[in-house]
Amino acid sequence: SMGTSPTTRWFSPDYKTQGGFLYLTQKVTGQNSGGGLMASFGNMLFKQALSLYGFGTEATPNLDRAETIPSLPARIEPCFTAYGNLKMETTQILNPWAQNPLAVWGERHPMKTIQSTRNLSQLSILFSPLGVFLVTLGTLRPEQVDEITRLGVDLVRAQGIR
């Protein structure tokens, strides 16, 4: 079961959200985020993913008010999908300085339907009241850990640019 899979996790307490969360996860490149039935199916999958990675109520407050975010900035829409309950802060968090490294990541590590062991598996990012988490399933090679660390640092730094 996936619950026994090792996970790689990067964390920074340097940027914290207020009273809500934003969860970004990589999608198969070009996959439609969709609305309606797909959105409610998506919500269920997001909740499963959050519990798979061990994110509890402190990391995801007001989970009952979270929903799939219908439209992401054009640069990251092809490779990420999002879920959360921070209506106002989402645009600020996903500012141009955050979009840049996310778009580059998506181009460099596109999600394919069939994962090979050489490729990084799906990356998820949680902006939470505890801080910022980057998580992926599996054990990474050192250079992959470095790359995730760089992305995390870039995303946290992006929050200081106003």
# chains A, B, ... in the order shown; residues from 1 in each chain; ligands from 1
>>> residues_around(residues="segment 49-66 of chain A", least_positions_apart="6", cutoff="6 Å", atoms="only C-alpha atoms", output="list in words")
Gly20, Phe21, Gly84, Asn85, Ser128 and Leu130 of chain A
>>> write_last_selection(atoms="N, CA, C and O atoms", output="PDB file, in the first residue's frame")
ATOM      1  N   GLY A  20      -5.509  29.095   7.209  1.00  0.00           N
ATOM      2  CA  GLY A  20      -5.916  28.241   6.088  1.00  0.00           C
ATOM      3  C   GLY A  20      -4.698  27.653   5.419  1.00  0.00           C
ATOM      4  O   GLY A  20      -3.581  27.783   5.916  1.00  0.00           O
ATOM      5  N   PHE A  21      -4.902  26.996   4.284  1.00  0.00           N
ATOM      6  CA  PHE A  21      -3.779  26.358   3.602  1.00  0.00           C
ATOM      7  C   PHE A  21      -3.977  26.379   2.093  1.00  0.00           C
ATOM      8  O   PHE A  21      -5.092  26.554   1.594  1.00  0.00           O
ATOM      9  N   GLY A  84      -7.490  24.279  -1.632  1.00  0.00           N
ATOM     10  CA  GLY A  84      -7.236  25.052  -0.422  1.00  0.00           C
ATOM     11  C   GLY A  84      -8.415  25.905  -0.020  1.00  0.00           C
ATOM     12  O   GLY A  84      -9.503  25.809  -0.587  1.00  0.00           O
ATOM     13  N   ASN A  85      -8.179  26.766   0.965  1.00  0.00           N
ATOM     14  CA  ASN A  85      -9.249  27.619   1.491  1.00  0.00           C
ATOM     15  C   ASN A  85      -8.728  29.021   1.804  1.00  0.00           C
ATOM     16  O   ASN A  85      -9.220  29.679   2.699  1.00  0.00           O
ATOM     17  N   SER A 128       1.181  26.285   4.668  1.00  0.00           N
ATOM     18  CA  SER A 128       0.329  26.039   5.831  1.00  0.00           C
ATOM     19  C   SER A 128       0.671  26.973   6.988  1.00  0.00           C
ATOM     20  O   SER A 128       1.688  27.667   6.952  1.00  0.00           O
ATOM     21  N   LEU A 130       1.888  26.083   9.647  1.00  0.00           N
ATOM     22  CA  LEU A 130       3.129  25.582  10.261  1.00  0.00           C
ATOM     23  C   LEU A 130       4.356  26.014   9.466  1.00  0.00           C
ATOM     24  O   LEU A 130       5.457  26.096  10.003  1.00  0.00           O
TER      25      LEU A 130
END
>>> residues_around(residues="Thr68 of chain A", least_positions_apart="6", cutoff="7 Å", atoms="only C-alpha atoms", output="ChimeraX atom specification")
/A:39,42-43,82-84
>>> closest_residue(among="A:Ala103, A:Met88, A:Leu140, A:Ile76", to="Gln18 of chain A", atoms="only C-alpha atoms")
A:Met88
>>> closest_residue(among="A:Gly152, A:Gly106, A:Pro142, A:Pro73", to="Asp14 of chain A", atoms="only C-alpha atoms")
A:Gly152
>>> select_by_dssp(residues="chain A", states="helix (DSSP H, G or I)", output="MDAnalysis selection string")
chainID A and resid 2:4 37:52 63:65 87:93 96:108 142:158
>>> select_by_dssp(residues="chain A", states="strand (DSSP E)", output="VMD selection string")
chain A and resid 7 to 12 22 to 26 67 to 68 80 to 84 123 to 127 132 to 137
>>> write_last_selection(atoms="N, CA and C atoms", output="PDB file, in the first residue's frame")
ATOM      1  N   THR A   7       8.655   8.583   2.085  1.00  0.00           N
ATOM      2  CA  THR A   7       8.435   9.896   1.486  1.00  0.00           C
ATOM      3  C   THR A   7       9.649  10.771   1.741  1.00  0.00           C
ATOM      4  N   THR A   8       9.889  11.684   0.841  1.00  0.00           N
ATOM      5  CA  THR A   8      10.935  12.683   1.022  1.00  0.00           C
ATOM      6  C   THR A   8      10.221  13.999   1.283  1.00  0.00           C
ATOM      7  N   ARG A   9      10.674  14.722   2.305  1.00  0.00           N
ATOM      8  CA  ARG A   9       9.957  15.925   2.706  1.00  0.00           C
ATOM      9  C   ARG A   9      10.961  17.035   3.025  1.00  0.00           C
ATOM     10  N   TRP A  10      10.652  18.224   2.534  1.00  0.00           N
ATOM     11  CA  TRP A  10      11.438  19.423   2.830  1.00  0.00           C
ATOM     12  C   TRP A  10      10.507  20.369   3.573  1.00  0.00           C
ATOM     13  N   PHE A  11      11.029  21.064   4.564  1.00  0.00           N
ATOM     14  CA  PHE A  11      10.172  21.945   5.364  1.00  0.00           C
ATOM     15  C   PHE A  11      10.888  23.240   5.706  1.00  0.00           C
ATOM     16  N   SER A  12      10.137  24.338   5.660  1.00  0.00           N
ATOM     17  CA  SER A  12      10.645  25.619   6.156  1.00  0.00           C
ATOM     18  C   SER A  12       9.559  26.306   6.975  1.00  0.00           C
ATOM     19  N   LEU A  22      -2.872  26.202   1.388  1.00  0.00           N
ATOM     20  CA  LEU A  22      -2.889  26.035  -0.063  1.00  0.00           C
ATOM     21  C   LEU A  22      -2.035  24.816  -0.382  1.00  0.00           C
ATOM     22  N   TYR A  23      -2.638  23.855  -1.076  1.00  0.00           N
ATOM     23  CA  TYR A  23      -1.959  22.602  -1.423  1.00  0.00           C
ATOM     24  C   TYR A  23      -1.868  22.514  -2.941  1.00  0.00           C
ATOM     25  N   LEU A  24      -0.637  22.466  -3.436  1.00  0.00           N
ATOM     26  CA  LEU A  24      -0.397  22.355  -4.880  1.00  0.00           C
ATOM     27  C   LEU A  24       0.140  20.968  -5.156  1.00  0.00           C
ATOM     28  N   THR A  25      -0.330  20.349  -6.214  1.00  0.00           N
ATOM     29  CA  THR A  25       0.232  19.064  -6.564  1.00  0.00           C
ATOM     30  C   THR A  25       0.388  18.961  -8.074  1.00  0.00           C
ATOM     31  N   GLN A  26       1.432  18.269  -8.489  1.00  0.00           N
ATOM     32  CA  GLN A  26       1.691  18.116  -9.911  1.00  0.00           C
ATOM     33  C   GLN A  26       0.621  17.247 -10.535  1.00  0.00           C
ATOM     34  N   GLU A  67     -11.510  23.756  -1.197  1.00  0.00           N
ATOM     35  CA  GLU A  67     -12.040  23.300  -2.482  1.00  0.00           C
ATOM     36  C   GLU A  67     -10.965  23.360  -3.550  1.00  0.00           C
ATOM     37  N   THR A  68     -11.232  22.645  -4.625  1.00  0.00           N
ATOM     38  CA  THR A  68     -10.332  22.672  -5.769  1.00  0.00           C
ATOM     39  C   THR A  68     -10.321  24.088  -6.329  1.00  0.00           C
ATOM     40  N   PHE A  80       0.331  21.977 -12.676  1.00  0.00           N
ATOM     41  CA  PHE A  80      -0.087  21.880 -11.278  1.00  0.00           C
ATOM     42  C   PHE A  80      -1.593  22.026 -11.136  1.00  0.00           C
ATOM     43  N   THR A  81      -2.097  21.432 -10.085  1.00  0.00           N
ATOM     44  CA  THR A  81      -3.484  21.619  -9.703  1.00  0.00           C
ATOM     45  C   THR A  81      -3.468  22.008  -8.224  1.00  0.00           C
ATOM     46  N   ALA A  82      -4.507  22.689  -7.750  1.00  0.00           N
ATOM     47  CA  ALA A  82      -4.448  23.232  -6.392  1.00  0.00           C
ATOM     48  C   ALA A  82      -5.767  23.057  -5.647  1.00  0.00           C
ATOM     49  N   TYR A  83      -5.632  23.068  -4.337  1.00  0.00           N
ATOM     50  CA  TYR A  83      -6.745  22.814  -3.422  1.00  0.00           C
ATOM     51  C   TYR A  83      -6.469  23.651  -2.186  1.00  0.00           C
ATOM     52  N   GLY A  84      -7.490  24.279  -1.632  1.00  0.00           N
ATOM     53  CA  GLY A  84      -7.236  25.052  -0.422  1.00  0.00           C
ATOM     54  C   GLY A  84      -8.415  25.905  -0.020  1.00  0.00           C
ATOM     55  N   LEU A 123       5.291  15.742  -7.259  1.00  0.00           N
ATOM     56  CA  LEU A 123       5.670  16.673  -6.196  1.00  0.00           C
ATOM     57  C   LEU A 123       4.428  17.367  -5.659  1.00  0.00           C
ATOM     58  N   SER A 124       4.335  17.488  -4.344  1.00  0.00           N
ATOM     59  CA  SER A 124       3.259  18.241  -3.715  1.00  0.00           C
ATOM     60  C   SER A 124       3.853  19.304  -2.804  1.00  0.00           C
ATOM     61  N   ILE A 125       3.156  20.436  -2.732  1.00  0.00           N
ATOM     62  CA  ILE A 125       3.630  21.585  -1.958  1.00  0.00           C
ATOM     63  C   ILE A 125       2.487  22.059  -1.078  1.00  0.00           C
ATOM     64  N   LEU A 126       2.768  22.227   0.207  1.00  0.00           N
ATOM     65  CA  LEU A 126       1.733  22.710   1.132  1.00  0.00           C
ATOM     66  C   LEU A 126       2.200  24.001   1.797  1.00  0.00           C
ATOM     67  N   PHE A 127       1.449  25.066   1.559  1.00  0.00           N
ATOM     68  CA  PHE A 127       1.645  26.326   2.276  1.00  0.00           C
ATOM     69  C   PHE A 127       0.658  26.283   3.439  1.00  0.00           C
ATOM     70  N   VAL A 132       6.067  25.857   5.147  1.00  0.00           N
ATOM     71  CA  VAL A 132       5.964  25.342   3.775  1.00  0.00           C
ATOM     72  C   VAL A 132       6.589  23.952   3.701  1.00  0.00           C
ATOM     73  N   PHE A 133       5.834  23.012   3.139  1.00  0.00           N
ATOM     74  CA  PHE A 133       6.305  21.631   2.966  1.00  0.00           C
ATOM     75  C   PHE A 133       6.377  21.296   1.486  1.00  0.00           C
ATOM     76  N   LEU A 134       7.435  20.611   1.076  1.00  0.00           N
ATOM     77  CA  LEU A 134       7.499  19.995  -0.241  1.00  0.00           C
ATOM     78  C   LEU A 134       7.655  18.505   0.002  1.00  0.00           C
ATOM     79  N   VAL A 135       6.784  17.706  -0.602  1.00  0.00           N
ATOM     80  CA  VAL A 135       6.818  16.262  -0.361  1.00  0.00           C
ATOM     81  C   VAL A 135       6.721  15.482  -1.662  1.00  0.00           C
ATOM     82  N   THR A 136       7.372  14.343  -1.692  1.00  0.00           N
ATOM     83  CA  THR A 136       7.271  13.428  -2.818  1.00  0.00           C
ATOM     84  C   THR A 136       7.432  12.009  -2.292  1.00  0.00           C
ATOM     85  N   LEU A 137       6.817  11.072  -2.976  1.00  0.00           N
ATOM     86  CA  LEU A 137       6.945   9.677  -2.577  1.00  0.00           C
ATOM     87  C   LEU A 137       8.291   9.134  -3.028  1.00  0.00           C
TER      88      LEU A 137
END
>>> residues_around(residues="Leu94 of chain A", least_positions_apart="2", cutoff="12 Å", atoms="only C-alpha atoms", output="ChimeraX atom specification")
/A:22-24,71-77,80,82,86-92,96-103,125,127,154-159,161-162
